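This report concerns only the one structure given below.
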Amino acid sequence: MNIVELKSVANAIVAKQKGVLAADESNPTIKKRFDSIQVESTEENRRRYREILFTADSIEQYVGGVILFDETLRQSTREGVPFPTLLSSRGIIPGIKVDQGAKALALCPGDKVTEGLDGLRERLAEFRQLGAQFAKWRAVIEIDERDIPSQFGIRANAHALARYAALCQEAGLVPIVEPEVLMDGAHGIERCEVVTAQVLEAVFAELDAHRVQFEGMLLKPNMVIAGKKCARQAGVQEVAEASLRCLRRYVPAAVPGIVFLSGGQSAEDATDHLNAMNAMGTQPWQVSFSYGRALQAPVLAAWRGQESNAATAQQALLRRCELNGLARDGKYDRAMDHG
């Protein structure tokens, strides 16, 4: 493990104004996205859509890294340039989703655990050869108002995240550690903060036990936010304050950056919340983004599978990236979305 190299990659991903484009949707997930715009999810349509994303002008100003799906890591542009090579040539670091999805945790009703540790060492070596410089593993933390997640469910996911992160650093890849407390459900922001705190405390204890170097990793957490079905939705400032309060208590200052997931928030809400956090001043780590839907929803709406719409779709992506770049400095205003 070369910790100097890992630190350099981690810091480059969250450099000033920059964040991560999550383009690692599995084939079932991208099919849902394509279904919404009446586009068939063929391998060529998936390839072309990702090519539109990765060749958009000027996104390298705001995108430090892109998370790819296994299929996408192996694909190329129309001119035959492998996607990892294309991204690297633009100063954007290619990464790879390596988990194999969350399944029900045996004997723990309501809890899930992410699979994919078997054979991971060998897969990481291959991904590194294909050009990936970082990886991502998502743990799914179901939540209700009282009983879920169980303490063991949290421990099981924290342990798996730590084993993954250690294997990544051994292989020379920066691990993005993603423990996602879901925003589905009717729980309030207070319940989300309690569970997020428990999860972060457990995750960093396991990372430390597995000898993961905090300087060579990134954290991809949920924001502390009320469930979608909760009658009281917290305001922007309340979400920002609760999120930073929780992170400052449990995330070591040695971690270079926090790249929030959007988790089903609208594009505007995700940017607004990120902006509010950065407007609160300097934190121990870079406060950035790793958005999927919150960057891509406007792109899909503009593209609709029509080649004639490709340039418009790319402009939509650049605009969303630019707005999140402003949010990295606390300089975004919601009025910009309608200007």
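A note on labels: chains of the structure tokens are A, B, ... as shown, every chain counts residues from 1, and ligands are counted from 1 in their shown order.
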
> Excluding same-chain residues fewer than 4 positions from A:Asp333, what lies within 9 Å of it counting only C-alpha atoms, as a PyMOL selection string?
Replying inline: chain A and resi 272+275+323+326-327+337

>> With only C-alpha atoms as the counted atoms, please give the residues lying no more than 12 Å from A:Pro175, apart from itself and same-chain residues fewer than 3 positions off, as number ranges by chain.
In response: A: 6-7, 9-10, 13, 67, 95-99, 124, 132-138, 161-172, 178, 207, 212-220, 255-257

> A:Met280: which residues within 9 Å, counting only C-alpha atoms, same-chain residues fewer than 4 positions away excluded, as a list of chain:residue names?
Replying inline: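 The contact residues come out as A:Ala240, A:Glu241, A:Asn275, A:Ala276, A:Gly330.
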
How would the residues just picked look written out with N, CA, C and O atoms as a PDB file, in the first residue's frame?
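Output saved as selection_15.pdb:
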```
ATOM      1  N   ALA A 240     -28.701  20.901   7.525  1.00  0.00           N
ATOM      2  CA  ALA A 240     -27.266  21.204   7.491  1.00  0.00           C
ATOM      3  C   ALA A 240     -26.646  21.120   8.879  1.00  0.00           C
ATOM      4  O   ALA A 240     -25.585  20.509   9.075  1.00  0.00           O
ATOM      5  N   GLU A 241     -27.311  21.701   9.856  1.00  0.00           N
ATOM      6  CA  GLU A 241     -26.769  21.706  11.216  1.00  0.00           C
ATOM      7  C   GLU A 241     -26.733  20.307  11.819  1.00  0.00           C
ATOM      8  O   GLU A 241     -25.738  19.922  12.447  1.00  0.00           O
ATOM      9  N   ASN A 275     -24.971  23.329   0.026  1.00  0.00           N
ATOM     10  CA  ASN A 275     -24.605  24.740   0.102  1.00  0.00           C
ATOM     11  C   ASN A 275     -24.692  25.258   1.539  1.00  0.00           C
ATOM     12  O   ASN A 275     -23.791  25.959   2.019  1.00  0.00           O
ATOM     13  N   ALA A 276     -25.779  24.910   2.222  1.00  0.00           N
ATOM     14  CA  ALA A 276     -25.973  25.391   3.595  1.00  0.00           C
ATOM     15  C   ALA A 276     -24.858  24.912   4.514  1.00  0.00           C
ATOM     16  O   ALA A 276     -24.397  25.647   5.390  1.00  0.00           O
ATOM     17  N   GLY A 330     -20.452  27.424  -0.711  1.00  0.00           N
ATOM     18  CA  GLY A 330     -21.536  28.129  -0.024  1.00  0.00           C
ATOM     19  C   GLY A 330     -22.061  29.308  -0.816  1.00  0.00           C
ATOM     20  O   GLY A 330     -22.603  30.261  -0.253  1.00  0.00           O
TER      21      GLY A 330
END
```

>> List the spatial neighbours of A:Gln61 as a PyMOL selection string - criterion: any atom at most 9 Å away, only C-alpha atoms, same-chain residues fewer than 4 positions off excluded.
In response: chain A and resi 17-18+321-322+325

> Which polymer residues have any atom within 8 Å of an atom of A:Glu115, counting only C-alpha atoms, with same-chain residues fewer than 2 positions away left out, as a PyMOL selection string?
Replying inline: chain A and resi 99-103+113+117

> Looking only at the backbone, which of the residues in stretch 184-277 of chain A does DSSP tag as strand (DSSP E or B), as number ranges by chain?
Replying inline: A: 218-219, 257-260

Take the residues that were just selected and, keeping all heavy atoms, output them as a PDB file, in the first residue's frame.
```
ATOM      1  N   LEU A 218     -12.421   8.063   1.530  1.00  0.00           N
ATOM      2  CA  LEU A 218     -13.467   9.080   1.547  1.00  0.00           C
ATOM      3  C   LEU A 218     -14.722   8.465   2.148  1.00  0.00           C
ATOM      4  O   LEU A 218     -14.940   7.256   2.033  1.00  0.00           O
ATOM      5  CB  LEU A 218     -13.766   9.599   0.134  1.00  0.00           C
ATOM      6  CG  LEU A 218     -12.630  10.340  -0.577  1.00  0.00           C
ATOM      7  CD1 LEU A 218     -12.983  10.566  -2.051  1.00  0.00           C
ATOM      8  CD2 LEU A 218     -12.323  11.664   0.103  1.00  0.00           C
ATOM      9  N   LEU A 219     -15.534   9.293   2.789  1.00  0.00           N
ATOM     10  CA  LEU A 219     -16.793   8.847   3.378  1.00  0.00           C
ATOM     11  C   LEU A 219     -17.952   9.358   2.537  1.00  0.00           C
ATOM     12  O   LEU A 219     -17.992  10.538   2.173  1.00  0.00           O
ATOM     13  CB  LEU A 219     -16.932   9.366   4.809  1.00  0.00           C
ATOM     14  CG  LEU A 219     -18.244   9.004   5.520  1.00  0.00           C
ATOM     15  CD1 LEU A 219     -18.301   7.513   5.841  1.00  0.00           C
ATOM     16  CD2 LEU A 219     -18.414   9.832   6.792  1.00  0.00           C
ATOM     17  N   GLY A 257     -12.198  13.907   2.862  1.00  0.00           N
ATOM     18  CA  GLY A 257     -13.441  14.483   2.377  1.00  0.00           C
ATOM     19  C   GLY A 257     -14.666  13.646   2.652  1.00  0.00           C
ATOM     20  O   GLY A 257     -14.591  12.421   2.787  1.00  0.00           O
ATOM     21  N   ILE A 258     -15.786  14.345   2.740  1.00  0.00           N
ATOM     22  CA  ILE A 258     -17.100  13.725   2.864  1.00  0.00           C
ATOM     23  C   ILE A 258     -17.847  14.042   1.587  1.00  0.00           C
ATOM     24  O   ILE A 258     -18.004  15.211   1.221  1.00  0.00           O
ATOM     25  CB  ILE A 258     -17.839  14.272   4.104  1.00  0.00           C
ATOM     26  CG1 ILE A 258     -17.169  13.714   5.365  1.00  0.00           C
ATOM     27  CG2 ILE A 258     -19.325  13.905   4.064  1.00  0.00           C
ATOM     28  CD1 ILE A 258     -17.612  14.359   6.634  1.00  0.00           C
ATOM     29  N   VAL A 259     -18.268  13.006   0.871  1.00  0.00           N
ATOM     30  CA  VAL A 259     -18.987  13.183  -0.397  1.00  0.00           C
ATOM     31  C   VAL A 259     -20.405  12.660  -0.199  1.00  0.00           C
ATOM     32  O   VAL A 259     -20.665  11.476  -0.294  1.00  0.00           O
ATOM     33  CB  VAL A 259     -18.250  12.483  -1.568  1.00  0.00           C
ATOM     34  CG1 VAL A 259     -16.978  13.242  -1.926  1.00  0.00           C
ATOM     35  CG2 VAL A 259     -17.908  11.028  -1.267  1.00  0.00           C
ATOM     36  N   PHE A 260     -21.313  13.552   0.101  1.00  0.00           N
ATOM     37  CA  PHE A 260     -22.676  13.149   0.446  1.00  0.00           C
ATOM     38  C   PHE A 260     -23.381  12.466  -0.720  1.00  0.00           C
ATOM     39  O   PHE A 260     -23.233  12.866  -1.877  1.00  0.00           O
ATOM     40  CB  PHE A 260     -23.500  14.370   0.853  1.00  0.00           C
ATOM     41  CG  PHE A 260     -23.254  14.837   2.253  1.00  0.00           C
ATOM     42  CD1 PHE A 260     -22.489  15.962   2.488  1.00  0.00           C
ATOM     43  CD2 PHE A 260     -23.792  14.162   3.336  1.00  0.00           C
ATOM     44  CE1 PHE A 260     -22.261  16.412   3.775  1.00  0.00           C
ATOM     45  CE2 PHE A 260     -23.567  14.596   4.631  1.00  0.00           C
ATOM     46  CZ  PHE A 260     -22.801  15.726   4.856  1.00  0.00           C
TER      47      PHE A 260
END
```

> A:Arg123, A:His159, A:Lys31, A:His187: which is nearest A:Asp147, counting only C-alpha atoms?
Replying inline: A:His187

>> Report, in Å with one decimal, the straight-line distance from atom CA of A:Asp111 to atom CA of A:Gly188.
In response: 19.2 Å

> If you count only C-alpha atoms, which residues fall within 7 Å of A:Gly65, apart from same-chain ones fewer than 4 positions away, as a list in words?
Replying inline: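 Using only C-alpha atoms, the neighbours found are Ile13, Gly19, Val20, Leu21, Ile92, Ile93, Pro94 and Gly95 of chain A.
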
>> When you look at A:Leu105 with a cut-off of 12 Å (counting only C-alpha atoms), what residues show up, excluding the ones that are within fewer than 6 positions of it in the same chain? I need them as a PyMOL selection string.
In response: chain A and resi 111-115+139-142+149-150+152-157
